[in-house]
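Student: Sharing a structure below in structure tokens format, with a few things to ask.
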Amino acid sequence: MLNNESKSNELMNFDLQAVMAKGYINNLRDDVKKGLEEKVAQGGWPASAPLGYRNNRDTHTCDIDQYKAPFVSKMFELYATGEYSFQTVGELLLEQGLHAKGKPDVPLCKEKIRVTLQNPFYIGIMRWKGKEYKGIHNPIISEELYYKVQDILLSRKKPNKRKNSFLFSGLIKCGVCGSSYTTEIQKGR
């Protein structure tokens, strides 16, 4: 037990044990990362299954959730028409029985619908750490439907509108602190 009156060799022994424990933790972290990357490279999904799938603890794969998968298909089909917003899709799915977890009167949030519609997992492609891998799970929708939805999402993306566009904006920096110079219009000019 360390205290204010501990000897130097006791303090050094404690410090060495702390360094060894830190090394063990770092090594364990590296092993876990390597294991997850191996699983993804082999087509397995190392995280919680997305909406429409469920984790199979026996086979360590993602199986189609027979209850929620039809809702995911319907979500893609509704959005692919180009007639519905995220909110409207959520409300239509709520009418058919898909609701926010644990809240039977609340539709899925717009962000959940957006993330689901952008996820290539539903056509058998997994994104992990910025790379795409072919999954061993069964797709829920066709590639044609998925890419049609992606085209609609891109067409609806709002461009960043700037009131004024200045030449060399963000390129000139202060030599002392490194901050960018800003631009502004004074008295309408």
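Order determines the names: the first chain of the structure tokens is A, the second B, and so forth; residues in each chain are numbered 1 upward, and ligands are numbered 1 upward as they are shown.
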Excluding Pro70 of chain A and its own-chain neighbours fewer than 4 positions away, which residues fall within 9 Å of it when counting only C-alpha atoms? Please give them as a VMD selection string.
Tutor: chain A and resid 52 65 to 66 74 to 75 140
Student: Which residues are near Glu132 of chain A? Cut-off 10 Å, only C-alpha atoms, ignore same chain within fewer than 4 positions. Put them as an mmCIF file with N, CA and C atoms, in the first residue's frame.
Tutor:
data_model
loop_
_atom_site.group_PDB
_atom_site.id
_atom_site.type_symbol
_atom_site.label_atom_id
_atom_site.label_comp_id
_atom_site.auth_asym_id
_atom_site.auth_seq_id
_atom_site.Cartn_x
_atom_site.Cartn_y
_atom_site.Cartn_z
ATOM 1 N N VAL A 40 -14.661 -8.261 -40.573
ATOM 2 C CA VAL A 40 -15.241 -7.501 -41.678
ATOM 3 C C VAL A 40 -14.669 -7.981 -43.014
ATOM 4 N N ALA A 41 -13.382 -8.223 -43.076
ATOM 5 C CA ALA A 41 -12.755 -8.690 -44.316
ATOM 6 C C ALA A 41 -13.320 -10.044 -44.747
ATOM 7 N N PRO A 120 -25.417 1.108 -47.423
ATOM 8 C CA PRO A 120 -25.352 0.059 -48.452
ATOM 9 C C PRO A 120 -25.431 -1.350 -47.878
ATOM 10 N N PHE A 121 -25.529 -1.480 -46.564
ATOM 11 C CA PHE A 121 -25.657 -2.792 -45.922
ATOM 12 C C PHE A 121 -26.859 -3.544 -46.485
ATOM 13 N N ILE A 125 -23.403 -4.705 -48.964
ATOM 14 C CA ILE A 125 -22.098 -4.035 -48.870
ATOM 15 C C ILE A 125 -21.971 -3.396 -47.493
ATOM 16 N N MET A 126 -20.848 -3.642 -46.838
ATOM 17 C CA MET A 126 -20.617 -3.097 -45.496
ATOM 18 C C MET A 126 -19.563 -1.993 -45.562
ATOM 19 N N ARG A 127 -19.845 -0.885 -44.874
ATOM 20 C CA ARG A 127 -18.855 0.190 -44.730
ATOM 21 C C ARG A 127 -18.250 0.070 -43.348
ATOM 22 N N TRP A 128 -16.910 -0.006 -43.305
ATOM 23 C CA TRP A 128 -16.209 -0.113 -42.026
ATOM 24 C C TRP A 128 -14.922 0.679 -42.128
#
Student: Per DSSP on the backbone, what are the alpha helix (DSSP H) residues of chain A, as a ChimeraX atom specification?
Tutor: /A:8-41,69-80,86-96,110-118,143-156
Student: So that I can check the secondary structure, give me every residue of chain A assigned strand (DSSP E) by backbone DSSP, as a PyMOL selection string.
Tutor: chain A and resi 53-56+61-64+125-128+131-134
Student: Export, as a CSV table (one decimal), in the first residue's frame, the selected residues with C-alpha atoms.
Tutor:
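Contents of the output file result_24.csv:
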chain,number,residue,atom,x,y,z
A,53,TYR,CA,-31.5,-7.3,-39.4
A,54,ARG,CA,-30.8,-9.1,-36.1
A,55,ASN,CA,-27.6,-10.5,-34.7
A,56,ASN,CA,-27.5,-14.3,-34.7
A,61,THR,CA,-23.8,-13.2,-38.5
A,62,CYS,CA,-26.6,-10.9,-39.3
A,63,ASP,CA,-30.0,-12.5,-40.2
A,64,ILE,CA,-32.9,-10.8,-41.8
A,125,ILE,CA,-22.1,-4.0,-48.9
A,126,MET,CA,-20.6,-3.1,-45.5
A,127,ARG,CA,-18.9,0.2,-44.7
A,128,TRP,CA,-16.2,-0.1,-42.0
A,131,LYS,CA,-13.7,1.1,-46.7
A,132,GLU,CA,-16.4,-1.1,-48.3
A,133,TYR,CA,-16.5,-4.9,-48.0
A,134,LYS,CA,-18.8,-7.5,-49.5
Student: Could you tell me how far atom CA of Phe168 of chain A lies from atom CA of Lys187 of chain A, in Å and to one decimal?
Tutor: 20.9 Å
Student: Counting only C-alpha atoms, figure out which residue out of A:Ile113, A:Lys68, A:Ser8, A:Ser155 gets nearest to Ala49 of chain A.
Tutor: A:Lys68
Student: Can you tell me how far atom CA of Ala80 of chain A sits from atom CA of Pro50 of chain A, in Å to one decimal?
Tutor: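 One can read the atom CA of Ala80 of chain A to atom CA of Pro50 of chain A distance as 19.9 Å.
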Student: Counting only C-alpha atoms, which of A:Lys157, A:Gln118, A:Glu95, A:His60 gets nearest to Ser48 of chain A?
Tutor: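 Checking each of A:Lys157, A:Gln118, A:Glu95, A:His60 against Ser48 of chain A, counting only C-alpha atoms, the winner is A:His60.
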Student: Find the distance between atom CA of Val115 of chain A and atom CA of Ala69 of chain A and write it in Å to one decimal.
Tutor: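 These two atoms are separated by 15.4 Å.
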Student: Find the residues around Ile172 of chain A up to 9 Å (only C-alpha atoms counted), leave out those fewer than 4 positions away in its own chain, and share them as a short mmCIF file (atom, residue, chain, number, x, y, z; two decimals) with C-alpha atoms, in the first residue's frame.
Tutor:
data_model
loop_
_atom_site.label_atom_id
_atom_site.label_comp_id
_atom_site.auth_asym_id
_atom_site.auth_seq_id
_atom_site.Cartn_x
_atom_site.Cartn_y
_atom_site.Cartn_z
CA PHE A 168 -8.98 34.24 -51.69
CA SER A 179 -5.59 32.22 -37.89
CA SER A 180 -7.35 32.86 -41.21
CA TYR A 181 -8.28 36.40 -42.13
CA THR A 182 -12.00 37.01 -42.52
#
Student: Do a neighbour search on Arg114 of chain A at 9 Å with only C-alpha atoms, toss out local chain neighbours closer than 4 positions, and write the hits as a VMD selection string.
Tutor: chain A and resid 86 109 to 110 118 to 119 153
Student: Name the closest residue to Gly130 of chain A among the candidates A:Leu93, A:Tyr84, A:Asp105, A:Glu37; distances are taken between atoms, counting only C-alpha atoms.
Tutor: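 The shortest atom-to-atom distance to Gly130 of chain A comes from A:Glu37.
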Student: Pick the closest to Asn138 of chain A from A:Gly44, A:Ile185, A:Val176, A:Gln96: which is it, counting only C-alpha atoms?
Tutor: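 Selected residue with least distance to Asn138 of chain A: A:Gly44.
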Student: When you look at Ile152 of chain A with a cut-off of 10 Å (counting only C-alpha atoms), what residues show up, excluding the ones that are within fewer than 4 positions of it in the same chain? I need them as a PyMOL selection string.
Tutor: chain A and resi 79-82+147-148+156-157
